[in-house]
file final.tsv (TSV, C-alpha atoms)
chain	number	residue	atom	x	y	z
H	4	MET	CA	11.72	-21.70	-29.64
H	5	PRO	CA	12.37	-23.86	-26.53
H	6	GLU	CA	9.38	-25.27	-24.72
H	7	VAL	CA	8.62	-24.51	-21.11
H	8	PRO	CA	9.47	-27.53	-18.97
H	9	ALA	CA	6.42	-29.46	-17.86
H	10	ALA	CA	5.87	-29.39	-14.12
H	11	PRO	CA	3.45	-31.38	-11.98
H	12	GLU	CA	1.09	-28.41	-11.70
H	13	ALA	CA	1.30	-27.41	-15.39
H	14	PRO	CA	-1.88	-29.25	-16.55
H	15	ALA	CA	-4.00	-27.51	-13.92
H	16	ALA	CA	-2.48	-24.16	-14.87
H	17	SER	CA	-3.52	-24.58	-18.51
H	18	HIS	CA	-7.18	-25.00	-17.47
H	19	ALA	CA	-7.14	-22.15	-14.98
H	20	PRO	CA	-9.01	-18.97	-15.81
H	21	PRO	CA	-6.85	-15.91	-16.39
H	22	LEU	CA	-5.85	-13.95	-13.32
H	23	SER	CA	-8.32	-11.30	-12.30
H	24	ARG	CA	-7.38	-7.64	-12.17
H	25	ARG	CA	-6.76	-8.02	-8.44
H	26	GLY	CA	-4.64	-11.12	-9.02
H	27	LEU	CA	-2.48	-9.28	-11.57
H	28	GLU	CA	-2.01	-6.41	-9.11
H	29	ARG	CA	-0.98	-8.76	-6.32
H	30	LEU	CA	1.39	-10.76	-8.53
H	31	ASP	CA	3.19	-7.63	-9.69
H	32	LEU	CA	3.31	-6.18	-6.15
H	33	LEU	CA	4.80	-9.44	-4.90
H	34	LEU	CA	7.44	-9.32	-7.64
H	35	LEU	CA	8.09	-5.69	-6.71
H	36	SER	CA	8.45	-6.70	-3.06
H	37	ALA	CA	11.00	-9.33	-4.03
H	38	GLU	CA	12.88	-6.62	-5.91
H	39	ALA	CA	12.77	-4.41	-2.82
H	40	LEU	CA	14.25	-7.20	-0.69
H	41	ASP	CA	17.00	-8.08	-3.17
H	42	LEU	CA	19.10	-5.21	-4.51
H	43	ASN	CA	19.58	-7.16	-7.75
H	44	GLY	CA	16.00	-8.41	-7.82
H	45	GLY	CA	15.34	-7.40	-11.43
H	46	GLU	CA	18.43	-9.20	-12.61
H	47	ALA	CA	17.56	-12.18	-10.42
H	48	MET	CA	14.17	-12.47	-12.13
H	49	VAL	CA	15.78	-12.52	-15.56
H	50	TRP	CA	18.35	-15.07	-14.38
H	51	MET	CA	15.65	-17.26	-12.76
H	52	SER	CA	13.61	-17.10	-15.95
H	53	GLU	CA	16.57	-18.37	-17.95
H	54	GLU	CA	17.49	-21.01	-15.35
H	55	MET	CA	13.94	-22.35	-15.25
H	56	GLY	CA	13.71	-22.55	-19.04
H	57	PHE	CA	11.21	-19.76	-19.61
H	58	THR	CA	13.18	-18.06	-22.39
H	59	GLY	CA	10.44	-19.11	-24.81
H	60	LEU	CA	8.01	-16.92	-22.89
H	61	PHE	CA	10.38	-14.17	-21.77
H	62	ALA	CA	13.19	-13.93	-24.28
H	63	ASN	CA	14.73	-10.96	-22.48
H	64	ARG	CA	14.15	-8.47	-19.67
H	65	VAL	CA	11.88	-6.33	-21.87
H	66	GLU	CA	9.49	-9.24	-22.48
H	67	LEU	CA	9.44	-9.99	-18.76
H	68	TRP	CA	8.73	-6.32	-18.03
H	69	LYS	CA	5.90	-6.27	-20.62
H	70	ARG	CA	4.14	-9.13	-18.82
H	71	ARG	CA	4.43	-7.33	-15.50
H	72	CYS	CA	2.87	-4.21	-17.03
H	73	HIS	CA	-0.53	-5.90	-17.12
H	74	ASN	CA	-0.88	-4.58	-13.57
H	75	PRO	CA	-3.48	-1.77	-13.76
H	76	LEU	CA	-1.65	0.16	-11.02
H	77	ARG	CA	1.41	0.71	-13.24
H	78	ARG	CA	2.23	4.06	-14.85
H	79	ALA	CA	2.37	2.36	-18.24
H	80	THR	CA	-0.14	-0.47	-18.26
H	81	ARG	CA	-1.02	-3.01	-20.94
H	82	ARG	CA	-4.53	-4.21	-21.60
H	83	GLY	CA	-5.55	-7.82	-21.88
H	84	ASP	CA	-4.83	-10.94	-19.89
H	85	LEU	CA	-1.70	-12.94	-19.40
H	86	SER	CA	-1.82	-16.41	-20.88
H	87	PRO	CA	-1.97	-19.27	-18.34
H	88	ALA	CA	1.60	-20.24	-19.31
H	89	GLU	CA	2.87	-16.70	-18.66
H	90	THR	CA	1.04	-16.50	-15.34
H	91	ASP	CA	2.38	-19.90	-14.36
H	92	ALA	CA	5.94	-18.88	-15.26
H	93	LEU	CA	5.76	-15.61	-13.30
H	94	ILE	CA	4.42	-17.43	-10.24
H	95	ARG	CA	7.19	-20.04	-10.50
H	96	ILE	CA	9.83	-17.31	-10.80
H	97	LEU	CA	8.34	-15.56	-7.78
H	98	CYS	CA	8.39	-18.79	-5.75
H	99	ALA	CA	12.04	-19.39	-6.68
H	100	LEU	CA	12.86	-15.85	-5.56
H	101	ALA	CA	10.94	-16.42	-2.33
H	102	ASP	CA	13.04	-19.55	-1.70
H	103	ARG	CA	16.21	-17.48	-2.10
H	104	LEU	CA	14.87	-14.69	0.11
H	105	TYR	CA	13.34	-16.92	2.79
H	106	PRO	CA	15.95	-16.19	5.51
H	107	LEU	CA	15.26	-12.48	5.12
H	108	LEU	CA	11.48	-13.04	5.01
H	109	ARG	CA	11.69	-15.11	8.18
H	110	ALA	CA	13.75	-12.42	9.90
H	111	LEU	CA	11.14	-9.79	8.96
H	112	LEU	CA	8.30	-11.92	10.32
H	113	SER	CA	10.09	-13.19	13.43
H	114	ASN	CA	9.50	-11.81	16.90
H	115	ALA	CA	12.70	-13.41	18.22
H	116	GLU	CA	14.95	-10.46	17.41
H	117	PRO	CA	15.07	-7.20	19.37
H	118	GLU	CA	12.45	-4.67	18.34
H	119	PRO	CA	14.97	-2.03	17.12
H	120	VAL	CA	16.53	-4.57	14.74
H	121	ARG	CA	13.13	-5.64	13.40
H	122	ARG	CA	12.03	-2.04	12.99
H	123	GLN	CA	15.23	-1.20	11.12
H	124	ARG	CA	14.72	-4.14	8.73
H	125	TRP	CA	11.13	-3.12	8.07
H	126	GLN	CA	12.14	0.50	7.48
H	127	LEU	CA	14.77	-0.60	4.99
H	128	PHE	CA	12.27	-2.81	3.13
H	129	GLU	CA	9.52	-0.17	3.23
H	130	GLY	CA	11.90	2.52	1.97
H	131	ARG	CA	13.04	0.40	-0.98
H	132	LEU	CA	9.48	-0.66	-1.78
H	133	ALA	CA	8.23	2.94	-1.65
H	134	GLU	CA	11.03	4.02	-3.99
H	135	LEU	CA	10.13	1.31	-6.52
H	136	VAL	CA	6.41	2.04	-6.22
H	137	ARG	CA	6.92	5.77	-6.78
H	138	GLU	CA	9.12	5.03	-9.78
H	139	ARG	CA	6.85	2.50	-11.49
H	140	MET	CA	3.28	2.92	-10.29
H	141	ASN	CA	0.62	5.53	-11.06
H	142	PRO	CA	0.51	7.84	-8.01
H	143	ARG	CA	-3.09	8.88	-8.75
H	144	ARG	CA	-4.40	5.36	-8.07
H	145	VAL	CA	-5.91	4.90	-4.61
H	146	GLY	CA	-4.23	1.51	-4.22
H	147	VAL	CA	-0.82	3.09	-4.78
H	148	GLN	CA	-1.57	5.94	-2.38
H	149	THR	CA	-2.66	3.45	0.27
H	150	LEU	CA	0.44	1.31	-0.18
H	151	LEU	CA	2.68	4.36	0.19
H	152	ASP	CA	0.86	5.70	3.27
H	153	PRO	CA	2.93	4.85	6.39
H	154	GLN	CA	-0.11	3.91	8.51
H	155	ARG	CA	-2.76	2.73	6.04
H	156	GLY	CA	-0.30	0.71	3.94
H	157	GLU	CA	1.40	-1.10	6.81
H	158	ARG	CA	-1.07	-4.00	6.80
H	159	GLN	CA	-0.72	-4.48	3.03
H	160	ARG	CA	3.09	-4.45	3.21
H	161	HIS	CA	2.98	-7.10	5.94
H	162	GLN	CA	0.60	-9.17	3.80
H	163	LEU	CA	3.03	-8.98	0.87
H	164	ILE	CA	5.88	-10.31	3.02
H	165	ARG	CA	3.70	-13.10	4.45
H	166	ALA	CA	2.55	-14.06	0.93
H	167	LEU	CA	6.16	-14.24	-0.22
H	168	ALA	CA	7.00	-16.45	2.76
H	169	TYR	CA	4.03	-18.74	1.94
H	170	GLY	CA	5.31	-18.98	-1.63
H	171	ALA	CA	8.63	-20.43	-0.47
H	172	GLY	CA	9.36	-24.11	0.02
H	173	ASN	CA	7.52	-27.28	-0.95
H	174	GLY	CA	4.00	-26.52	-2.07
H	175	GLY	CA	4.72	-22.80	-2.29
H	176	TYR	CA	3.68	-22.63	-5.93
H	177	GLY	CA	0.27	-24.16	-5.20
H	178	ARG	CA	-0.34	-21.93	-2.19
H	179	LEU	CA	0.65	-18.77	-4.01
H	180	ARG	CA	-1.26	-19.67	-7.16
H	181	ALA	CA	-4.41	-20.40	-5.16
H	182	SER	CA	-4.16	-17.11	-3.28
H	183	LEU	CA	-3.73	-15.13	-6.51
H	184	HIS	CA	-6.85	-16.75	-8.00
H	185	ASP	CA	-8.84	-16.20	-4.79
H	186	PRO	CA	-11.04	-13.09	-5.24
H	187	VAL	CA	-11.26	-12.52	-1.47
H	188	VAL	CA	-7.54	-12.36	-0.68
call {"tool": "encode", "arguments": {"input": "final.tsv", "output": "structure tokens"}}
result
Amino acid sequence: MPEVPAAPEAPAASHAPPLSRRGLERLDLLLLSAEALDLNGGEAMVWMSEEMGFTGLFANRVELWKRRCHNPLRRATRRGDLSPAETDALIRILCALADRLYPLLRALLSNAEPEPVRRQRWQLFEGRLAELVRERMNPRRVGVQTLLDPQRGERQRHQLIRALAYGAGNGGYGRLRASLHDPVV
């Protein structure tokens, strides 16, 4: 079984407490947002996992999916915590996806484009995200209902895009990891 490559932040990750329930929710919603932005987002995650050497943790797409199912908002949820190595790997995959998606993230957050173009981009993202959420999440959960609500969920959808943008670039892993472990965010 190949070992996960050691990264500068890996020692700190091994001493970190497991992600809280809220952190697991946010991590999975961020991965879902990346999928909504990239039509082949699920495949991209599997490919990134292989490229980054995480096949020891996620041997295939099913193993990757099982780790994401620790989100309590999912239709089919798994109990327990992710190991620090699994959490670290998912955050690194998410940051790599955010790097790839950064031009689109920047366009969504920018005020430089005409309002109709921005609105159309947001509608496209929100439509894809809503489709994925309806397909994979438990509709009876208040958090899911809020995310799907056009008015009440708007702030949360904007926060997801901003968090993805903060996860891109140098230091993105540290920023994203810190925000996922922060109980207030």
call {"tool": "axis_aligned_box", "arguments": {"input": "final.tsv", "around": "region 79-82 of chain H", "padding_each_side": "8 Å", "output": "JSON"}}
result
{"center_x": -1.1, "center_y": -0.9, "center_z": -19.9, "size_x": 22.9, "size_y": 22.6, "size_z": 19.4}
call {"tool": "closest_residue", "arguments": {"input": "final.tsv", "among": "H:Ala92, H:Asp102, H:Pro20, H:Gly83", "to": "Thr58 (chain H)", "atoms": "only C-alpha atoms"}}
result
H:Ala92
call {"tool": "residues_around", "arguments": {"input": "final.tsv", "residues": "region 179-187 of chain H", "least_positions_apart": "4", "cutoff": "10 Å", "atoms": "all atoms listed in the file", "output": "ChimeraX atom specification"}}
result
/H:16,19-30,90-91,94-95,97-98,166-171,174-175
call {"tool": "closest_residue", "arguments": {"input": "final.tsv", "among": "H:Leu33, H:Leu93, H:Met140, H:Val120", "to": "Ala79 (chain H)", "atoms": "only C-alpha atoms"}}
result
H:Met140
call {"tool": "atom_distance", "arguments": {"input": "final.tsv", "atom1": "CA of Ala62 (chain H)", "atom2": "CA of Arg131 (chain H)"}}
result
27.4 Å
call {"tool": "residues_near_point", "arguments": {"input": "final.tsv", "point": "(16.2, -7.2, -18.2)", "cutoff": "8 Å", "atoms": "all atoms listed in the file", "output": "PyMOL selection string"}}
result
chain H and resi 45-46+49+63-65+67-68
call {"tool": "atom_distance", "arguments": {"input": "final.tsv", "atom1": "CA of Arg139 (chain H)", "atom2": "CA of Leu35 (chain H)"}}
result
9.6 Å
call {"tool": "atom_distance", "arguments": {"input": "final.tsv", "atom1": "CA of Phe128 (chain H)", "atom2": "CA of Ser52 (chain H)"}}
result
23.9 Å
call {"tool": "closest_residue", "arguments": {"input": "final.tsv", "among": "H:Glu118, H:Glu89, H:Glu129, H:Asp84", "to": "Pro153 (chain H)", "atoms": "only C-alpha atoms"}}
result
H:Glu129
call {"tool": "decode", "arguments": {"input": "final.tsv", "residues": "region 17-37 of chain H", "atoms": "N, CA and C atoms", "output": "PDB file, in the first residue's frame"}}
result
ATOM      1  N   SER H  17      -1.495  15.538  11.767  1.00  0.00           N
ATOM      2  CA  SER H  17      -1.591  14.302  12.533  1.00  0.00           C
ATOM      3  C   SER H  17      -1.925  14.575  13.998  1.00  0.00           C
ATOM      4  N   HIS H  18      -1.656  15.773  14.490  1.00  0.00           N
ATOM      5  CA  HIS H  18      -1.950  16.120  15.879  1.00  0.00           C
ATOM      6  C   HIS H  18      -3.271  16.859  16.010  1.00  0.00           C
ATOM      7  N   ALA H  19      -3.903  17.167  14.906  1.00  0.00           N
ATOM      8  CA  ALA H  19      -5.147  17.921  14.932  1.00  0.00           C
ATOM      9  C   ALA H  19      -6.285  17.033  15.418  1.00  0.00           C
ATOM     10  N   PRO H  20      -7.223  17.631  16.150  1.00  0.00           N
ATOM     11  CA  PRO H  20      -8.397  16.846  16.546  1.00  0.00           C
ATOM     12  C   PRO H  20      -9.234  16.535  15.307  1.00  0.00           C
ATOM     13  N   PRO H  21     -10.080  15.530  15.389  1.00  0.00           N
ATOM     14  CA  PRO H  21     -10.924  15.230  14.232  1.00  0.00           C
ATOM     15  C   PRO H  21     -11.851  16.409  13.942  1.00  0.00           C
ATOM     16  N   LEU H  22     -12.280  16.497  12.701  1.00  0.00           N
ATOM     17  CA  LEU H  22     -13.191  17.572  12.325  1.00  0.00           C
ATOM     18  C   LEU H  22     -14.502  17.415  13.087  1.00  0.00           C
ATOM     19  N   SER H  23     -15.051  18.526  13.501  1.00  0.00           N
ATOM     20  CA  SER H  23     -16.350  18.507  14.165  1.00  0.00           C
ATOM     21  C   SER H  23     -17.439  18.173  13.152  1.00  0.00           C
ATOM     22  N   ARG H  24     -18.623  17.968  13.647  1.00  0.00           N
ATOM     23  CA  ARG H  24     -19.771  17.699  12.781  1.00  0.00           C
ATOM     24  C   ARG H  24     -19.929  18.825  11.772  1.00  0.00           C
ATOM     25  N   ARG H  25     -19.822  20.046  12.247  1.00  0.00           N
ATOM     26  CA  ARG H  25     -19.948  21.224  11.382  1.00  0.00           C
ATOM     27  C   ARG H  25     -18.821  21.261  10.347  1.00  0.00           C
ATOM     28  N   GLY H  26     -17.612  20.908  10.759  1.00  0.00           N
ATOM     29  CA  GLY H  26     -16.489  20.875   9.833  1.00  0.00           C
ATOM     30  C   GLY H  26     -16.681  19.841   8.738  1.00  0.00           C
ATOM     31  N   LEU H  27     -17.216  18.664   9.109  1.00  0.00           N
ATOM     32  CA  LEU H  27     -17.491  17.625   8.111  1.00  0.00           C
ATOM     33  C   LEU H  27     -18.557  18.087   7.120  1.00  0.00           C
ATOM     34  N   GLU H  28     -19.580  18.767   7.634  1.00  0.00           N
ATOM     35  CA  GLU H  28     -20.626  19.299   6.755  1.00  0.00           C
ATOM     36  C   GLU H  28     -20.033  20.285   5.760  1.00  0.00           C
ATOM     37  N   ARG H  29     -19.248  21.221   6.267  1.00  0.00           N
ATOM     38  CA  ARG H  29     -18.668  22.248   5.395  1.00  0.00           C
ATOM     39  C   ARG H  29     -17.713  21.655   4.366  1.00  0.00           C
ATOM     40  N   LEU H  30     -16.888  20.699   4.783  1.00  0.00           N
ATOM     41  CA  LEU H  30     -15.953  20.062   3.858  1.00  0.00           C
ATOM     42  C   LEU H  30     -16.710  19.388   2.717  1.00  0.00           C
ATOM     43  N   ASP H  31     -17.746  18.636   3.047  1.00  0.00           N
ATOM     44  CA  ASP H  31     -18.503  17.949   2.003  1.00  0.00           C
ATOM     45  C   ASP H  31     -19.257  18.952   1.129  1.00  0.00           C
ATOM     46  N   LEU H  32     -19.810  20.009   1.721  1.00  0.00           N
ATOM     47  CA  LEU H  32     -20.504  21.021   0.912  1.00  0.00           C
ATOM     48  C   LEU H  32     -19.535  21.757  -0.013  1.00  0.00           C
ATOM     49  N   LEU H  33     -18.313  21.967   0.445  1.00  0.00           N
ATOM     50  CA  LEU H  33     -17.311  22.588  -0.426  1.00  0.00           C
ATOM     51  C   LEU H  33     -16.936  21.659  -1.582  1.00  0.00           C
ATOM     52  N   LEU H  34     -16.801  20.368  -1.292  1.00  0.00           N
ATOM     53  CA  LEU H  34     -16.534  19.406  -2.363  1.00  0.00           C
ATOM     54  C   LEU H  34     -17.714  19.343  -3.330  1.00  0.00           C
ATOM     55  N   LEU H  35     -18.919  19.421  -2.800  1.00  0.00           N
ATOM     56  CA  LEU H  35     -20.117  19.422  -3.642  1.00  0.00           C
ATOM     57  C   LEU H  35     -20.175  20.687  -4.496  1.00  0.00           C
ATOM     58  N   SER H  36     -19.755  21.805  -3.943  1.00  0.00           N
ATOM     59  CA  SER H  36     -19.710  23.059  -4.699  1.00  0.00           C
ATOM     60  C   SER H  36     -18.701  22.971  -5.835  1.00  0.00           C
ATOM     61  N   ALA H  37     -17.561  22.342  -5.561  1.00  0.00           N
ATOM     62  CA  ALA H  37     -16.572  22.149  -6.628  1.00  0.00           C
ATOM     63  C   ALA H  37     -17.149  21.269  -7.730  1.00  0.00           C
TER      64      ALA H  37
END
